[in-house]
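> Pasting data-v2.cif below, which is mmCIF, N, CA and C atoms.
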data_upload
loop_
_atom_site.group_PDB
_atom_site.id
_atom_site.type_symbol
_atom_site.label_atom_id
_atom_site.label_comp_id
_atom_site.auth_asym_id
_atom_site.auth_seq_id
_atom_site.Cartn_x
_atom_site.Cartn_y
_atom_site.Cartn_z
ATOM 1 N N MET O 286 -24.460 19.754 -30.448
ATOM 2 C CA MET O 286 -24.598 19.300 -29.070
ATOM 3 C C MET O 286 -23.509 18.266 -28.792
ATOM 4 N N LEU O 287 -22.969 18.294 -27.607
ATOM 5 C CA LEU O 287 -21.897 17.387 -27.199
ATOM 6 C C LEU O 287 -22.458 16.004 -26.881
ATOM 7 N N HIS O 288 -21.832 14.965 -27.408
ATOM 8 C CA HIS O 288 -22.248 13.592 -27.118
ATOM 9 C C HIS O 288 -21.969 13.278 -25.647
ATOM 10 N N ASN O 289 -22.855 12.519 -25.017
ATOM 11 C CA ASN O 289 -22.731 12.266 -23.577
ATOM 12 C C ASN O 289 -21.440 11.539 -23.194
ATOM 13 N N SER O 290 -20.833 10.817 -24.116
ATOM 14 C CA SER O 290 -19.584 10.120 -23.772
ATOM 15 C C SER O 290 -18.406 11.081 -23.641
ATOM 16 N N ARG O 291 -18.549 12.325 -24.077
ATOM 17 C CA ARG O 291 -17.469 13.311 -23.978
ATOM 18 C C ARG O 291 -17.457 14.024 -22.624
ATOM 19 N N TYR O 292 -18.570 13.999 -21.899
ATOM 20 C CA TYR O 292 -18.625 14.677 -20.608
ATOM 21 C C TYR O 292 -17.569 14.177 -19.625
ATOM 22 N N PRO O 293 -17.390 12.864 -19.443
ATOM 23 C CA PRO O 293 -16.345 12.415 -18.503
ATOM 24 C C PRO O 293 -14.947 12.922 -18.874
ATOM 25 N N LEU O 294 -14.646 13.045 -20.144
ATOM 26 C CA LEU O 294 -13.355 13.601 -20.551
ATOM 27 C C LEU O 294 -13.234 15.056 -20.104
ATOM 28 N N LEU O 295 -14.295 15.822 -20.257
ATOM 29 C CA LEU O 295 -14.268 17.214 -19.806
ATOM 30 C C LEU O 295 -14.142 17.307 -18.289
ATOM 31 N N VAL O 296 -14.788 16.386 -17.574
ATOM 32 C CA VAL O 296 -14.670 16.356 -16.108
ATOM 33 C C VAL O 296 -13.227 16.054 -15.714
ATOM 34 N N GLU O 297 -12.605 15.091 -16.389
ATOM 35 C CA GLU O 297 -11.208 14.760 -16.100
ATOM 36 C C GLU O 297 -10.303 15.968 -16.345
ATOM 37 N N ARG O 298 -10.529 16.680 -17.430
ATOM 38 C CA ARG O 298 -9.727 17.874 -17.712
ATOM 39 C C ARG O 298 -9.937 18.956 -16.659
ATOM 40 N N ALA O 299 -11.169 19.096 -16.179
ATOM 41 C CA ALA O 299 -11.448 20.093 -15.144
ATOM 42 C C ALA O 299 -10.722 19.747 -13.850
ATOM 43 N N TRP O 300 -10.720 18.461 -13.457
ATOM 44 C CA TRP O 300 -9.984 18.041 -12.260
ATOM 45 C C TRP O 300 -8.496 18.335 -12.412
ATOM 46 N N LEU O 301 -7.935 17.989 -13.561
ATOM 47 C CA LEU O 301 -6.510 18.216 -13.800
ATOM 48 C C LEU O 301 -6.182 19.704 -13.726
ATOM 49 N N ASP O 302 -7.015 20.548 -14.311
ATOM 50 C CA ASP O 302 -6.801 21.991 -14.223
ATOM 51 C C ASP O 302 -6.836 22.467 -12.775
ATOM 52 N N LEU O 303 -7.785 21.957 -12.003
ATOM 53 C CA LEU O 303 -7.896 22.340 -10.593
ATOM 54 C C LEU O 303 -6.646 21.935 -9.825
ATOM 55 N N TRP O 304 -6.181 20.695 -10.018
ATOM 56 C CA TRP O 304 -4.986 20.228 -9.313
ATOM 57 C C TRP O 304 -3.757 21.029 -9.717
ATOM 58 N N GLN O 305 -3.635 21.362 -10.994
ATOM 59 C CA GLN O 305 -2.479 22.117 -11.457
ATOM 60 C C GLN O 305 -2.484 23.524 -10.888
ATOM 61 N N GLN O 306 -3.653 24.114 -10.671
ATOM 62 C CA GLN O 306 -3.735 25.427 -10.032
ATOM 63 C C GLN O 306 -3.213 25.369 -8.607
ATOM 64 N N ASP O 307 -3.344 24.206 -7.956
ATOM 65 C CA ASP O 307 -2.855 24.028 -6.588
ATOM 66 C C ASP O 307 -1.403 23.565 -6.541
ATOM 67 N N GLY O 308 -0.752 23.494 -7.707
ATOM 68 C CA GLY O 308 0.659 23.140 -7.739
ATOM 69 C C GLY O 308 0.953 21.674 -7.975
ATOM 70 N N PHE O 309 -0.059 20.837 -8.114
ATOM 71 C CA PHE O 309 0.153 19.408 -8.363
ATOM 72 C C PHE O 309 0.454 19.220 -9.836
ATOM 73 N N ARG O 310 1.606 18.636 -10.150
ATOM 74 C CA ARG O 310 2.016 18.423 -11.536
ATOM 75 C C ARG O 310 2.243 16.931 -11.771
ATOM 76 N N PRO O 311 1.229 16.237 -12.295
ATOM 77 C CA PRO O 311 1.401 14.804 -12.553
ATOM 78 C C PRO O 311 2.360 14.571 -13.716
ATOM 79 N N ASP O 312 2.883 13.354 -13.805
ATOM 80 C CA ASP O 312 3.730 13.026 -14.950
ATOM 81 C C ASP O 312 2.852 12.831 -16.189
ATOM 82 N N ALA O 313 3.435 12.418 -17.274
ATOM 83 C CA ALA O 313 2.714 12.334 -18.546
ATOM 84 C C ALA O 313 1.709 11.184 -18.597
ATOM 85 N N SER O 314 1.795 10.221 -17.696
ATOM 86 C CA SER O 314 0.880 9.076 -17.745
ATOM 87 C C SER O 314 -0.376 9.346 -16.932
ATOM 88 N N ASP O 315 -1.370 8.498 -17.102
ATOM 89 C CA ASP O 315 -2.596 8.583 -16.309
ATOM 90 C C ASP O 315 -2.515 7.699 -15.074
ATOM 91 N N ALA O 316 -1.349 7.151 -14.781
ATOM 92 C CA ALA O 316 -1.207 6.183 -13.701
ATOM 93 C C ALA O 316 -1.491 6.777 -12.326
ATOM 94 N N PHE O 317 -1.434 8.081 -12.182
ATOM 95 C CA PHE O 317 -1.623 8.690 -10.870
ATOM 96 C C PHE O 317 -3.089 8.745 -10.468
ATOM 97 N N GLN O 318 -4.003 8.582 -11.391
ATOM 98 C CA GLN O 318 -5.424 8.779 -11.110
ATOM 99 C C GLN O 318 -6.204 7.486 -11.303
ATOM 100 N N VAL O 319 -6.862 7.040 -10.232
ATOM 101 C CA VAL O 319 -7.702 5.850 -10.319
ATOM 102 C C VAL O 319 -9.085 6.248 -9.821
ATOM 103 N N VAL O 320 -10.058 6.126 -10.681
ATOM 104 C CA VAL O 320 -11.433 6.479 -10.346
ATOM 105 C C VAL O 320 -12.265 5.208 -10.356
ATOM 106 N N THR O 321 -12.935 4.926 -9.239
ATOM 107 C CA THR O 321 -13.779 3.729 -9.189
ATOM 108 C C THR O 321 -15.222 4.025 -9.558
ATOM 109 N N GLU O 322 -15.617 5.297 -9.441
ATOM 110 C CA GLU O 322 -16.970 5.665 -9.826
ATOM 111 C C GLU O 322 -16.977 7.131 -10.219
ATOM 112 N N LEU O 323 -17.687 7.427 -11.283
ATOM 113 C CA LEU O 323 -17.847 8.802 -11.748
ATOM 114 C C LEU O 323 -19.309 8.989 -12.110
ATOM 115 N N ARG O 324 -19.957 9.917 -11.435
ATOM 116 C CA ARG O 324 -21.356 10.218 -11.745
ATOM 117 C C ARG O 324 -21.433 11.584 -12.400
ATOM 118 N N VAL O 325 -22.066 11.629 -13.550
ATOM 119 C CA VAL O 325 -22.212 12.879 -14.287
ATOM 120 C C VAL O 325 -23.695 13.075 -14.602
ATOM 121 N N PRO O 326 -24.362 13.973 -13.887
ATOM 122 C CA PRO O 326 -25.755 14.263 -14.244
ATOM 123 C C PRO O 326 -25.779 15.162 -15.479
ATOM 124 N N TYR O 327 -26.582 14.809 -16.432
ATOM 125 C CA TYR O 327 -26.673 15.570 -17.677
ATOM 126 C C TYR O 327 -27.831 16.559 -17.561
ATOM 127 N N GLU O 328 -27.573 17.683 -16.889
ATOM 128 C CA GLU O 328 -28.628 18.646 -16.594
ATOM 129 C C GLU O 328 -28.761 19.733 -17.652
ATOM 130 N N VAL O 329 -27.634 20.133 -18.238
ATOM 131 C CA VAL O 329 -27.649 21.212 -19.224
ATOM 132 C C VAL O 329 -26.770 20.789 -20.393
ATOM 133 N N PRO O 330 -27.268 20.844 -21.617
ATOM 134 C CA PRO O 330 -26.443 20.428 -22.753
ATOM 135 C C PRO O 330 -25.323 21.417 -23.049
ATOM 136 N N VAL O 331 -24.213 20.904 -23.532
ATOM 137 C CA VAL O 331 -23.138 21.736 -24.061
ATOM 138 C C VAL O 331 -23.448 21.913 -25.536
ATOM 139 N N THR O 332 -23.763 23.119 -25.929
ATOM 140 C CA THR O 332 -24.257 23.353 -27.284
ATOM 141 C C THR O 332 -23.248 24.037 -28.204
ATOM 142 N N GLY O 333 -22.085 24.408 -27.668
ATOM 143 C CA GLY O 333 -21.088 25.062 -28.503
ATOM 144 C C GLY O 333 -19.773 25.192 -27.776
ATOM 145 N N PRO O 334 -18.730 25.566 -28.486
ATOM 146 C CA PRO O 334 -17.416 25.732 -27.849
ATOM 147 C C PRO O 334 -17.409 26.935 -26.912
ATOM 148 N N GLY O 335 -16.490 26.909 -25.957
ATOM 149 C CA GLY O 335 -16.361 28.024 -25.020
ATOM 150 C C GLY O 335 -16.040 27.537 -23.632
ATOM 151 N N SER O 336 -16.115 28.415 -22.677
ATOM 152 C CA SER O 336 -15.856 28.088 -21.274
ATOM 153 C C SER O 336 -17.170 27.757 -20.577
ATOM 154 N N TYR O 337 -17.110 26.754 -19.706
ATOM 155 C CA TYR O 337 -18.289 26.343 -18.955
ATOM 156 C C TYR O 337 -17.923 26.199 -17.488
ATOM 157 N N ALA O 338 -18.853 26.507 -16.617
ATOM 158 C CA ALA O 338 -18.652 26.315 -15.188
ATOM 159 C C ALA O 338 -18.854 24.844 -14.848
ATOM 160 N N VAL O 339 -18.007 24.341 -13.947
ATOM 161 C CA VAL O 339 -18.086 22.943 -13.538
ATOM 162 C C VAL O 339 -18.006 22.896 -12.017
ATOM 163 N N ASP O 340 -18.911 22.162 -11.389
ATOM 164 C CA ASP O 340 -18.846 21.913 -9.951
ATOM 165 C C ASP O 340 -18.207 20.555 -9.743
ATOM 166 N N LEU O 341 -17.100 20.521 -8.997
ATOM 167 C CA LEU O 341 -16.382 19.276 -8.723
ATOM 168 C C LEU O 341 -16.330 19.051 -7.219
ATOM 169 N N TRP O 342 -16.485 17.790 -6.786
ATOM 170 C CA TRP O 342 -16.315 17.472 -5.381
ATOM 171 C C TRP O 342 -15.975 16.000 -5.233
ATOM 172 N N LEU O 343 -15.343 15.707 -4.126
ATOM 173 C CA LEU O 343 -15.027 14.331 -3.753
ATOM 174 C C LEU O 343 -15.926 13.946 -2.598
ATOM 175 N N GLU O 344 -16.499 12.780 -2.666
ATOM 176 C CA GLU O 344 -17.261 12.278 -1.535
ATOM 177 C C GLU O 344 -16.376 11.435 -0.626
ATOM 178 N N ARG O 345 -15.361 10.812 -1.236
ATOM 179 C CA ARG O 345 -14.452 9.994 -0.442
ATOM 180 C C ARG O 345 -13.138 9.879 -1.191
ATOM 181 N N LEU O 346 -12.038 10.003 -0.465
ATOM 182 C CA LEU O 346 -10.709 9.844 -1.030
ATOM 183 C C LEU O 346 -9.991 8.773 -0.234
ATOM 184 N N ALA O 347 -9.657 7.690 -0.904
ATOM 185 C CA ALA O 347 -8.984 6.578 -0.228
ATOM 186 C C ALA O 347 -7.496 6.897 -0.083
ATOM 187 N N PRO O 348 -6.890 6.486 1.009
ATOM 188 C CA PRO O 348 -5.450 6.708 1.179
ATOM 189 C C PRO O 348 -4.658 5.839 0.204
ATOM 190 N N PRO O 349 -3.475 6.295 -0.186
ATOM 191 C CA PRO O 349 -2.648 5.470 -1.074
ATOM 192 C C PRO O 349 -2.238 4.176 -0.397
ATOM 193 N N VAL O 350 -2.100 3.135 -1.195
ATOM 194 C CA VAL O 350 -1.697 1.833 -0.641
ATOM 195 C C VAL O 350 -0.266 1.527 -0.977
#
Please re-express this file's structure in structure tokens.

Amino acid sequence: MLHNSRYPLLVERAWLDLWQQDGFRPDASDAFQVVTELRVPYEVPVTGPGSYAVDLWLERLAPPV
């Protein structure tokens, strides 16, 4: 079973994959992404390796400063 601290890493990877599919190519640093809150409900355990469906959404996106 996957430890709960690994879920946010998987969420971050899913966001990056989604952005890259849309043509967004960030540089090698994490400086482009600032998250002030991340909520991850632990509804179904990850019990083994493989592909998993992920629902991602933004409730609010602040403009760049």
> If I take atom N of O:Pro330 and atom N of O:Glu297, how far is one from the other in Å, to one decimal?
16.6 Å
> Go ahead and compute the interatomic distance for atom CA of O:Asp307 and atom CA of O:Trp342, in Å to one decimal.
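Interatomic distance, atom CA of O:Asp307 to atom CA of O:Trp342: 15.0 Å.
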> Can you measure atom C of O:Ala347 to atom C of O:Leu303 for me? One decimal in Å is fine.
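Between atom C of O:Ala347 and atom C of O:Leu303 the gap is 17.9 Å.
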> Using DSSP secondary structure from the backbone, list all helix (DSSP H, G or I) positions within chain O, as a list in words.
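Assigned to helix (DSSP H, G or I), within chain O: Asn289, Ser290, Arg291, Tyr292, Pro293, Leu294, Leu295, Val296, Glu297, Arg298, Ala299, Trp300, Leu301, Asp302, Leu303, Trp304, Gln305 and Gln306 of chain O.
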> As JSON, what would the box around stretch 299-309 of chain O look like: edges along x, y and z, 6 Å added on every side, centre and edge lengths in Å to one decimal?

{"center_x": -5.2, "center_y": 21.7, "center_z": -11.4, "size_x": 24.4, "size_y": 19.4, "size_z": 21.6}
